[in-house]
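Everything below concerns the one structure shown next.
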Amino acid sequence: MRRRSLLIAVPAGLVTLAACGDDDDSGSSSNASDSASPEASATSAPPPPKIVDGPLPAITAGTKFGEKPTVAKGSGEPSKDLAVKTVVAGGGRAVAENDFLSADYLGQVWQSAKVFDNSYDRKTPLIIQLAQGSIIDGWRYALTGKKTGSRVEFSVPPAWGYGEQGNEQAGIKGDDTLVFVVDIKDTFNARSSAEGSKVPQDDAALPKVGTNTDGKAPSIDVPEADAPKKLVAEYVLEGDGAEVGAQDSVLVQYEGVLWDGGKEFDSTYGRKQLTSFSLQQVVKGWAQGLTGKKVGSRVLIVIPPNLGYGDSPPEGSGIEKDSTLVFSVDILAKM
(Lines give C-alpha, C1' and ligand atoms only; values in the text may rest on other atoms or scores of the structure.)
Protein backbone atom coordinates (compact mmCIF):
# COMPACT_ATOMS: atom_id res chain seq x y z
CA MET A 1 0.00 0.00 0.00
CA ARG A 2 1.22 3.48 -0.81
CA ARG A 3 1.98 5.85 2.03
CA ARG A 4 -0.72 8.30 2.88
CA SER A 5 -0.23 12.01 2.65
CA LEU A 6 0.78 13.63 5.92
CA LEU A 7 -0.63 17.06 5.12
CA ILE A 8 -4.00 16.84 6.81
CA ALA A 9 -4.06 18.63 10.13
CA VAL A 10 -4.05 16.38 13.18
CA PRO A 11 -5.95 17.81 16.18
CA ALA A 12 -4.09 17.93 19.48
CA GLY A 13 -3.87 14.50 21.08
CA LEU A 14 -5.02 12.66 17.94
CA VAL A 15 -2.27 10.46 16.53
CA THR A 16 -3.93 9.13 13.39
CA LEU A 17 -4.17 10.29 9.81
CA ALA A 18 -7.91 10.83 10.14
CA ALA A 19 -9.61 12.52 7.18
CA CYS A 20 -6.73 11.64 4.88
CA GLY A 21 -7.64 9.20 2.13
CA ASP A 22 -5.40 6.70 0.42
CA ASP A 23 -3.42 8.10 -2.45
CA ASP A 24 -5.42 5.94 -4.81
CA ASP A 25 -8.23 8.44 -4.21
CA SER A 26 -8.23 11.45 -6.48
CA GLY A 27 -8.69 13.93 -3.63
CA SER A 28 -9.86 16.39 -6.23
CA SER A 29 -12.34 19.15 -5.61
CA SER A 30 -13.89 21.80 -7.74
CA ASN A 31 -16.05 24.87 -7.67
CA ALA A 32 -18.70 23.14 -9.71
CA SER A 33 -22.13 22.88 -8.17
CA ASP A 34 -22.70 19.80 -6.03
CA SER A 35 -25.59 18.60 -8.16
CA ALA A 36 -24.32 18.94 -11.70
CA SER A 37 -20.56 18.54 -11.96
CA PRO A 38 -19.38 15.49 -13.94
CA GLU A 39 -18.13 13.67 -10.86
CA ALA A 40 -18.80 9.94 -10.91
CA SER A 41 -21.68 8.37 -9.05
CA ALA A 42 -21.15 5.27 -6.93
CA THR A 43 -22.07 2.61 -9.49
CA SER A 44 -20.12 -0.20 -11.11
CA ALA A 45 -18.37 0.73 -14.34
CA PRO A 46 -19.88 -0.47 -17.64
CA PRO A 47 -17.67 -1.88 -20.40
CA PRO A 48 -15.83 0.66 -22.59
CA PRO A 49 -18.09 2.35 -25.14
CA LYS A 50 -17.77 2.35 -28.90
CA ILE A 51 -16.71 5.85 -29.96
CA VAL A 52 -18.45 7.30 -33.03
CA ASP A 53 -18.41 10.66 -34.84
CA GLY A 54 -22.02 11.66 -34.26
CA PRO A 55 -24.70 12.76 -34.36
CA LEU A 56 -24.02 15.87 -32.29
CA PRO A 57 -26.02 19.12 -32.06
CA ALA A 58 -24.58 22.29 -33.57
CA ILE A 59 -22.74 24.90 -31.54
CA THR A 60 -24.62 28.01 -32.66
CA ALA A 61 -22.76 30.73 -30.72
CA GLY A 62 -19.58 31.05 -28.67
CA THR A 63 -17.77 28.87 -31.17
CA LYS A 64 -14.20 29.81 -30.23
CA PHE A 65 -12.07 28.08 -27.61
CA GLY A 66 -12.69 29.70 -24.22
CA GLU A 67 -16.03 31.24 -25.17
CA LYS A 68 -19.21 30.07 -23.47
CA PRO A 69 -20.95 28.00 -26.13
CA THR A 70 -24.60 27.91 -27.05
CA VAL A 71 -25.61 24.43 -28.18
CA ALA A 72 -28.69 23.54 -30.21
CA LYS A 73 -31.24 20.99 -29.10
CA GLY A 74 -30.46 17.44 -30.17
CA SER A 75 -32.17 16.41 -33.39
CA GLY A 76 -33.72 12.96 -33.54
CA GLU A 77 -32.48 10.09 -31.45
CA PRO A 78 -29.00 10.35 -29.92
CA SER A 79 -26.41 7.69 -30.50
CA LYS A 80 -26.37 4.74 -28.13
CA ASP A 81 -22.58 4.93 -28.38
CA LEU A 82 -20.26 7.71 -27.24
CA ALA A 83 -20.29 10.38 -29.97
CA VAL A 84 -17.12 12.52 -29.88
CA LYS A 85 -15.96 15.39 -32.08
CA THR A 86 -12.90 17.63 -31.77
CA VAL A 87 -14.33 21.04 -32.69
CA VAL A 88 -11.08 22.97 -32.16
CA ALA A 89 -7.82 21.03 -32.35
CA GLY A 90 -5.25 22.15 -29.79
CA GLY A 91 -1.52 21.75 -30.06
CA GLY A 92 -0.59 21.14 -26.43
CA ARG A 93 0.10 18.05 -24.35
CA ALA A 94 -2.09 15.01 -24.81
CA VAL A 95 -4.32 14.14 -21.87
CA ALA A 96 -3.73 10.68 -20.40
CA GLU A 97 -6.07 8.68 -18.22
CA ASN A 98 -5.47 9.46 -14.52
CA ASP A 99 -4.19 12.95 -15.35
CA PHE A 100 -5.72 15.92 -13.57
CA LEU A 101 -7.59 18.04 -16.09
CA SER A 102 -8.24 21.78 -16.04
CA ALA A 103 -11.21 22.56 -18.27
CA ASP A 104 -14.13 24.85 -18.89
CA TYR A 105 -17.31 23.06 -19.84
CA LEU A 106 -21.02 23.28 -20.50
CA GLY A 107 -23.43 20.39 -20.08
CA GLN A 108 -27.00 20.08 -21.29
CA VAL A 109 -29.67 17.46 -21.90
CA TRP A 110 -29.97 16.19 -25.49
CA GLN A 111 -33.75 16.00 -25.58
CA SER A 112 -34.52 19.44 -24.08
CA ALA A 113 -31.30 21.48 -24.52
CA LYS A 114 -31.63 22.31 -20.82
CA VAL A 115 -28.25 23.49 -19.53
CA PHE A 116 -27.67 21.80 -16.18
CA ASP A 117 -24.19 23.15 -15.49
CA ASN A 118 -21.39 25.27 -16.90
CA SER A 119 -18.09 26.59 -15.57
CA TYR A 120 -17.96 29.64 -17.82
CA ASP A 121 -20.38 31.62 -15.67
CA ARG A 122 -18.39 30.75 -12.55
CA LYS A 123 -15.22 31.99 -14.30
CA THR A 124 -13.37 29.10 -12.68
CA PRO A 125 -12.37 26.00 -14.63
CA LEU A 126 -13.07 22.56 -13.30
CA ILE A 127 -10.01 20.66 -12.09
CA ILE A 128 -10.64 16.97 -11.67
CA GLN A 129 -8.82 13.70 -12.14
CA LEU A 130 -9.65 11.81 -15.32
CA ALA A 131 -9.83 8.55 -13.41
CA GLN A 132 -12.40 5.83 -12.92
CA GLY A 133 -14.52 6.68 -9.92
CA SER A 134 -13.58 10.36 -9.98
CA ILE A 135 -15.54 11.44 -13.04
CA ILE A 136 -18.30 10.00 -15.21
CA ASP A 137 -16.97 7.47 -17.68
CA GLY A 138 -18.12 9.47 -20.69
CA TRP A 139 -15.56 12.13 -19.85
CA ARG A 140 -12.78 9.58 -19.35
CA TYR A 141 -13.31 7.94 -22.71
CA ALA A 142 -14.07 11.11 -24.69
CA LEU A 143 -11.13 13.20 -23.47
CA THR A 144 -8.28 10.72 -23.07
CA GLY A 145 -5.78 11.40 -25.85
CA LYS A 146 -7.09 14.88 -26.66
CA LYS A 147 -4.61 17.77 -26.53
CA THR A 148 -4.67 20.88 -24.38
CA GLY A 149 -6.06 23.82 -26.30
CA SER A 150 -8.76 21.60 -27.82
CA ARG A 151 -12.51 22.06 -27.71
CA VAL A 152 -14.30 18.72 -27.66
CA GLU A 153 -18.04 18.12 -28.02
CA PHE A 154 -19.48 14.76 -27.04
CA SER A 155 -22.73 13.07 -26.12
CA VAL A 156 -22.95 10.65 -23.22
CA PRO A 157 -25.64 7.96 -23.01
CA PRO A 158 -26.86 7.10 -19.49
CA ALA A 159 -24.62 4.02 -19.20
CA TRP A 160 -21.51 6.23 -19.28
CA GLY A 161 -23.13 9.16 -17.50
CA TYR A 162 -25.24 9.06 -14.33
CA GLY A 163 -26.82 5.68 -15.03
CA GLU A 164 -30.43 4.66 -14.59
CA GLN A 165 -30.72 6.72 -11.39
CA GLY A 166 -29.88 10.00 -13.19
CA ASN A 167 -29.17 13.05 -11.08
CA GLU A 168 -32.39 14.36 -9.58
CA GLN A 169 -30.90 17.56 -8.17
CA ALA A 170 -29.59 18.52 -11.60
CA GLY A 171 -32.82 17.57 -13.33
CA ILE A 172 -31.16 14.68 -15.20
CA LYS A 173 -33.42 11.65 -15.69
CA GLY A 174 -32.20 8.08 -15.93
CA ASP A 175 -32.83 7.92 -19.70
CA ASP A 176 -31.27 11.31 -20.54
CA THR A 177 -28.37 11.52 -22.97
CA LEU A 178 -26.06 14.39 -22.03
CA VAL A 179 -24.19 16.75 -24.33
CA PHE A 180 -20.95 18.37 -23.22
CA VAL A 181 -18.68 20.98 -24.75
CA VAL A 182 -15.28 20.96 -23.03
CA ASP A 183 -12.36 23.36 -23.48
CA ILE A 184 -9.20 21.59 -22.27
CA LYS A 185 -7.01 24.24 -20.70
CA ASP A 186 -4.29 22.18 -19.05
CA THR A 187 -3.32 18.74 -17.84
CA PHE A 188 -1.22 17.66 -14.87
CA ASN A 189 0.34 14.38 -13.80
CA ALA A 190 3.16 12.97 -11.68
CA ARG A 191 5.73 14.47 -14.09
CA SER A 192 4.39 18.02 -13.72
CA SER A 193 6.46 20.82 -12.19
CA ALA A 194 6.12 24.49 -11.43
CA GLU A 195 7.67 26.51 -14.24
CA GLY A 196 8.07 29.97 -12.74
CA SER A 197 11.06 32.31 -12.83
CA LYS A 198 14.02 31.55 -10.58
CA VAL A 199 14.26 33.66 -7.43
CA PRO A 200 17.64 34.15 -5.73
CA GLN A 201 18.13 32.04 -2.60
CA ASP A 202 20.61 34.26 -0.78
CA ASP A 203 19.86 33.53 2.86
CA ALA A 204 22.52 31.08 4.07
CA ALA A 205 20.43 30.32 7.17
CA LEU A 206 17.63 28.80 5.07
CA PRO A 207 17.46 25.54 3.08
CA LYS A 208 18.32 25.65 -0.62
CA VAL A 209 15.81 24.06 -2.98
CA GLY A 210 16.56 22.78 -6.48
CA THR A 211 15.08 24.61 -9.45
CA ASN A 212 14.69 21.69 -11.88
CA THR A 213 11.41 21.58 -13.80
CA ASP A 214 11.62 18.05 -15.17
CA GLY A 215 9.04 16.53 -12.83
CA LYS A 216 11.68 14.98 -10.60
CA ALA A 217 11.91 15.80 -6.91
CA PRO A 218 14.00 18.94 -6.29
CA SER A 219 16.93 18.72 -3.90
CA ILE A 220 16.48 20.24 -0.44
CA ASP A 221 19.71 21.11 1.34
CA VAL A 222 19.16 22.00 4.97
CA PRO A 223 21.94 24.11 6.56
CA GLU A 224 23.74 23.10 9.75
CA ALA A 225 22.13 25.89 11.73
CA ASP A 226 19.35 26.44 14.23
CA ALA A 227 15.88 26.19 12.77
CA PRO A 228 13.93 29.45 12.47
CA LYS A 229 11.36 30.04 15.18
CA LYS A 230 8.86 31.64 12.81
CA LEU A 231 7.22 30.43 9.63
CA VAL A 232 9.25 30.85 6.43
CA ALA A 233 7.51 30.88 3.03
CA GLU A 234 9.72 32.01 0.15
CA TYR A 235 9.53 31.67 -3.61
CA VAL A 236 12.05 29.37 -5.27
CA LEU A 237 10.33 29.68 -8.64
CA GLU A 238 7.79 32.49 -8.94
CA GLY A 239 4.86 31.79 -11.23
CA ASP A 240 2.52 34.26 -12.87
CA GLY A 241 -0.80 32.64 -12.05
CA ALA A 242 -3.58 33.70 -9.71
CA GLU A 243 -2.83 34.11 -6.01
CA VAL A 244 -3.99 31.34 -3.71
CA GLY A 245 -6.60 32.44 -1.19
CA ALA A 246 -7.02 31.13 2.35
CA GLN A 247 -10.25 29.34 1.38
CA ASP A 248 -8.91 27.79 -1.82
CA SER A 249 -8.03 24.24 -2.70
CA VAL A 250 -4.84 23.54 -4.61
CA LEU A 251 -3.23 20.82 -6.71
CA VAL A 252 0.42 20.32 -5.78
CA GLN A 253 3.64 18.36 -5.99
CA TYR A 254 5.61 18.44 -2.75
CA GLU A 255 8.47 16.96 -0.79
CA GLY A 256 8.90 17.16 2.98
CA VAL A 257 12.10 16.68 5.01
CA LEU A 258 13.04 17.15 8.63
CA TRP A 259 15.19 20.15 9.57
CA ASP A 260 17.21 17.92 11.86
CA GLY A 261 19.10 15.59 9.55
CA GLY A 262 17.25 16.41 6.33
CA LYS A 263 15.50 13.02 6.18
CA GLU A 264 12.54 12.83 3.80
CA PHE A 265 9.27 11.85 5.48
CA ASP A 266 6.72 12.46 2.72
CA SER A 267 6.71 13.11 -1.02
CA THR A 268 4.28 13.05 -3.93
CA TYR A 269 7.25 12.32 -6.18
CA GLY A 270 7.91 9.03 -4.43
CA ARG A 271 4.24 8.03 -4.66
CA LYS A 272 4.01 9.24 -8.28
CA GLN A 273 0.66 10.80 -7.40
CA LEU A 274 -0.28 14.46 -7.22
CA THR A 275 -2.22 15.68 -4.19
CA SER A 276 -5.11 18.13 -3.97
CA PHE A 277 -6.51 19.59 -0.77
CA SER A 278 -8.22 22.58 0.78
CA LEU A 279 -6.06 24.99 2.75
CA GLN A 280 -8.68 24.59 5.47
CA GLN A 281 -7.68 20.94 5.89
CA VAL A 282 -3.91 21.16 6.33
CA VAL A 283 -1.56 22.12 9.14
CA LYS A 284 -1.43 25.85 9.85
CA GLY A 285 2.06 26.26 8.43
CA TRP A 286 0.93 25.01 5.03
CA ALA A 287 -2.20 27.14 5.00
CA GLN A 288 -0.36 30.31 6.01
CA GLY A 289 2.65 29.56 3.82
CA LEU A 290 0.69 29.04 0.60
CA THR A 291 -1.89 31.81 1.08
CA GLY A 292 -1.01 34.68 -1.24
CA LYS A 293 1.43 32.64 -3.33
CA LYS A 294 0.92 32.43 -7.10
CA VAL A 295 -0.09 29.40 -9.12
CA GLY A 296 2.87 28.08 -11.10
CA SER A 297 5.30 28.70 -8.24
CA ARG A 298 7.67 26.53 -6.22
CA VAL A 299 7.66 27.60 -2.59
CA LEU A 300 10.03 26.78 0.27
CA ILE A 301 8.08 26.43 3.50
CA VAL A 302 9.79 25.99 6.87
CA ILE A 303 7.23 25.14 9.54
CA PRO A 304 8.04 25.49 13.25
CA PRO A 305 6.44 22.94 15.59
CA ASN A 306 3.65 25.25 16.78
CA LEU A 307 2.39 25.55 13.19
CA GLY A 308 3.03 21.91 12.30
CA TYR A 309 2.40 18.78 14.33
CA GLY A 310 3.81 20.01 17.64
CA ASP A 311 3.91 17.25 20.22
CA SER A 312 1.41 15.04 18.32
CA PRO A 313 3.00 13.96 15.02
CA PRO A 314 1.19 11.33 12.94
CA GLU A 315 1.93 7.80 14.12
CA GLY A 316 4.44 6.02 11.91
CA SER A 317 5.38 9.18 10.01
CA GLY A 318 8.99 9.32 11.17
CA ILE A 319 8.37 12.81 12.55
CA GLU A 320 9.51 13.31 16.13
CA LYS A 321 7.72 15.56 18.59
CA ASP A 322 8.41 19.29 18.18
CA SER A 323 10.06 18.82 14.79
CA THR A 324 10.65 21.68 12.37
CA LEU A 325 9.49 20.64 8.91
CA VAL A 326 10.86 21.77 5.55
CA PHE A 327 8.81 21.53 2.37
CA SER A 328 9.26 22.28 -1.28
CA VAL A 329 5.78 22.81 -2.80
CA ASP A 330 4.93 23.23 -6.47
CA ILE A 331 1.53 24.94 -6.83
CA LEU A 332 0.22 23.50 -10.07
CA ALA A 333 -3.36 24.77 -9.98
CA LYS A 334 -5.97 26.47 -7.84
CA MET A 335 -9.25 24.59 -7.58
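In the C-alpha coordinates, each chain is lettered A, B, ... as it comes, each chain's residues begin at 1, and ligands are numbered from 1 in order of appearance.
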Run DSSP on the backbone of this structure and report the residues of stretch 81-178 of chain A it assigns to strand (DSSP E or B), as a PyMOL selection string. chain A and resi 82-88+94+100-109+115-118+126-129+132+135+147+151-156+167+172+178
May I have all residues of stretch 181-305 of chain A that DSSP, computed from the backbone, assigns to alpha helix (DSSP H), given as a PDB file with N, CA and C atoms, in the first residue's frame?
```pdb
ATOM      1  N   THR A 268       5.128  13.479  -2.815  1.00  0.00           N
ATOM      2  CA  THR A 268       4.279  13.045  -3.926  1.00  0.00           C
ATOM      3  C   THR A 268       5.125  12.432  -5.031  1.00  0.00           C
ATOM      4  N   TYR A 269       6.373  12.853  -5.137  1.00  0.00           N
ATOM      5  CA  TYR A 269       7.253  12.321  -6.180  1.00  0.00           C
ATOM      6  C   TYR A 269       7.480  10.826  -5.971  1.00  0.00           C
ATOM      7  N   GLY A 270       7.699  10.441  -4.726  1.00  0.00           N
ATOM      8  CA  GLY A 270       7.910   9.034  -4.432  1.00  0.00           C
ATOM      9  C   GLY A 270       6.674   8.194  -4.677  1.00  0.00           C
ATOM     10  N   ARG A 271       5.486   8.771  -4.436  1.00  0.00           N
ATOM     11  CA  ARG A 271       4.235   8.033  -4.663  1.00  0.00           C
ATOM     12  C   ARG A 271       3.786   8.095  -6.110  1.00  0.00           C
ATOM     13  N   LYS A 284      -1.404  24.389   9.964  1.00  0.00           N
ATOM     14  CA  LYS A 284      -1.435  25.854   9.847  1.00  0.00           C
ATOM     15  C   LYS A 284      -0.257  26.395   9.032  1.00  0.00           C
ATOM     16  N   GLY A 285       0.910  25.779   9.170  1.00  0.00           N
ATOM     17  CA  GLY A 285       2.064  26.263   8.431  1.00  0.00           C
ATOM     18  C   GLY A 285       1.879  26.180   6.936  1.00  0.00           C
ATOM     19  N   TRP A 286       1.232  25.118   6.468  1.00  0.00           N
ATOM     20  CA  TRP A 286       0.934  25.012   5.035  1.00  0.00           C
ATOM     21  C   TRP A 286      -0.073  26.075   4.618  1.00  0.00           C
ATOM     22  N   ALA A 287      -1.150  26.191   5.364  1.00  0.00           N
ATOM     23  CA  ALA A 287      -2.197  27.145   5.004  1.00  0.00           C
ATOM     24  C   ALA A 287      -1.655  28.565   4.953  1.00  0.00           C
ATOM     25  N   GLN A 288      -0.907  28.948   5.985  1.00  0.00           N
ATOM     26  CA  GLN A 288      -0.362  30.306   6.014  1.00  0.00           C
ATOM     27  C   GLN A 288       0.740  30.492   4.973  1.00  0.00           C
ATOM     28  N   GLY A 289       1.538  29.450   4.753  1.00  0.00           N
ATOM     29  CA  GLY A 289       2.650  29.564   3.824  1.00  0.00           C
ATOM     30  C   GLY A 289       2.238  29.663   2.376  1.00  0.00           C
ATOM     31  N   LEU A 290       1.122  29.028   1.999  1.00  0.00           N
ATOM     32  CA  LEU A 290       0.687  29.042   0.600  1.00  0.00           C
ATOM     33  C   LEU A 290      -0.292  30.172   0.293  1.00  0.00           C
TER      34      LEU A 290
END
```
Give me, as an mmCIF file with N, CA and C atoms, in the first residue's frame, all polymer residues having an atom no more than 8 Å from A:Pro125, counting only C-alpha atoms and skipping those fewer than 3 positions away in the same chain.
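Everything below was put into selection-v8.cif:
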```
data_model
loop_
_atom_site.group_PDB
_atom_site.id
_atom_site.type_symbol
_atom_site.label_atom_id
_atom_site.label_comp_id
_atom_site.auth_asym_id
_atom_site.auth_seq_id
_atom_site.Cartn_x
_atom_site.Cartn_y
_atom_site.Cartn_z
ATOM 1 N N ASN A 31 -15.057 23.862 -8.006
ATOM 2 C CA ASN A 31 -16.048 24.869 -7.672
ATOM 3 C C ASN A 31 -17.352 24.621 -8.407
ATOM 4 N N SER A 102 -7.672 20.457 -16.260
ATOM 5 C CA SER A 102 -8.241 21.782 -16.037
ATOM 6 C C SER A 102 -9.043 22.132 -17.282
ATOM 7 N N ALA A 103 -10.345 22.358 -17.108
ATOM 8 C CA ALA A 103 -11.205 22.558 -18.272
ATOM 9 C C ALA A 103 -12.400 23.431 -17.939
ATOM 10 N N ASP A 104 -12.824 24.212 -18.930
ATOM 11 C CA ASP A 104 -14.125 24.853 -18.887
ATOM 12 C C ASP A 104 -15.103 23.960 -19.640
ATOM 13 N N TYR A 105 -16.357 23.959 -19.207
ATOM 14 C CA TYR A 105 -17.309 23.059 -19.844
ATOM 15 C C TYR A 105 -18.726 23.561 -19.691
ATOM 16 N N SER A 119 -19.143 25.940 -16.357
ATOM 17 C CA SER A 119 -18.095 26.590 -15.567
ATOM 18 C C SER A 119 -17.801 27.997 -16.052
ATOM 19 N N TYR A 120 -18.278 28.331 -17.253
ATOM 20 C CA TYR A 120 -17.962 29.639 -17.825
ATOM 21 C C TYR A 120 -18.544 30.765 -16.974
ATOM 22 N N ARG A 122 -19.118 30.674 -13.822
ATOM 23 C CA ARG A 122 -18.385 30.750 -12.553
ATOM 24 C C ARG A 122 -17.010 31.367 -12.718
ATOM 25 N N MET A 335 -8.020 25.330 -7.263
ATOM 26 C CA MET A 335 -9.247 24.586 -7.576
ATOM 27 C C MET A 335 -10.476 25.265 -6.982
#
```
Check the smallest atom-to-atom distance from each of A:Gln129, A:Gln280, A:Ser328, A:Asn118 to A:Asp266 using only C-alpha atoms, then report the winner.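 For A:Asp266, the nearest of the given residues is A:Ser328.
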Counting only C-alpha atoms, what is within 6 Å of stretch 195-201 of chain A, bar same-chain residues fewer than 4 positions away, as a ChimeraX atom specification? /A:236-239,296-297
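Coordinates place atom CA of A:Lys272 at a distance of 29.6 Å from atom CA of A:Asp311.
Here the question is which of A:Pro223, A:Gly76, A:Pro57, A:Pro218 gets nearest to A:Ala204 using only C-alpha atoms, and that residue is A:Pro223.
Residue nearest A:Gln273, chosen from A:Glu315, A:Asp99, A:Glu234, A:Asp137 and counting only C-alpha atoms: A:Asp99.
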Contact residues around A:Asp214 with only C-alpha atoms at 9 Å, ignoring same-chain residues under 4 positions, as a list in words: Arg191, Ser192 and Ser193 of chain A
With all heavy atoms retained, could you export that selection as a PDB file, in the first residue's frame?
```
ATOM      1  N   ARG A 191       4.513  13.870 -13.505  1.00  0.00           N
ATOM      2  CA  ARG A 191       5.727  14.471 -14.088  1.00  0.00           C
ATOM      3  C   ARG A 191       5.637  15.990 -14.174  1.00  0.00           C
ATOM      4  O   ARG A 191       6.537  16.639 -14.732  1.00  0.00           O
ATOM      5  CB  ARG A 191       5.978  13.891 -15.481  1.00  0.00           C
ATOM      6  CG  ARG A 191       6.199  12.380 -15.469  1.00  0.00           C
ATOM      7  CD  ARG A 191       6.431  11.819 -16.858  1.00  0.00           C
ATOM      8  NE  ARG A 191       5.283  12.064 -17.749  1.00  0.00           N
ATOM      9  CZ  ARG A 191       4.201  11.312 -17.776  1.00  0.00           C
ATOM     10  NH1 ARG A 191       4.087  10.280 -16.946  1.00  0.00           N
ATOM     11  NH2 ARG A 191       3.212  11.570 -18.600  1.00  0.00           N
ATOM     12  N   SER A 192       4.575  16.568 -13.631  1.00  0.00           N
ATOM     13  CA  SER A 192       4.386  18.016 -13.718  1.00  0.00           C
ATOM     14  C   SER A 192       5.236  18.758 -12.691  1.00  0.00           C
ATOM     15  O   SER A 192       5.467  18.259 -11.591  1.00  0.00           O
ATOM     16  CB  SER A 192       2.912  18.373 -13.505  1.00  0.00           C
ATOM     17  OG  SER A 192       2.102  17.822 -14.519  1.00  0.00           O
ATOM     18  N   SER A 193       5.685  19.948 -13.073  1.00  0.00           N
ATOM     19  CA  SER A 193       6.464  20.816 -12.190  1.00  0.00           C
ATOM     20  C   SER A 193       5.983  22.245 -12.327  1.00  0.00           C
ATOM     21  O   SER A 193       5.400  22.625 -13.346  1.00  0.00           O
ATOM     22  CB  SER A 193       7.959  20.780 -12.554  1.00  0.00           C
ATOM     23  OG  SER A 193       8.560  19.566 -12.217  1.00  0.00           O
TER      24      SER A 193
END
```
Just checking: using only C-alpha atoms, which residue out of A:Leu325, A:Leu56, A:Leu332, A:Val88 ends up closest to A:Thr275? A:Leu332
I'd like the contact shell of A:Leu178 - 8 Å cut-off, only C-alpha atoms, skipping same-chain residues fewer than 5 positions apart - returned as a list in words. Gly107, Gln108, Val109, Trp110, Ser155, Val156, Pro157, Pro158 and Gly161 of chain A
Of the listed residues A:Lys230, A:Lys263, A:Lys114, A:Lys50, that which approaches A:Trp160 most closely, counting only C-alpha atoms: A:Lys50
Could you check the closest approach to A:Leu307 for each of A:Ile128, A:Ser323, A:Ala246, A:Val257 and tell me which residue wins, using only C-alpha atoms?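 Counting only C-alpha atoms, the residue closest to A:Leu307 is A:Ser323.
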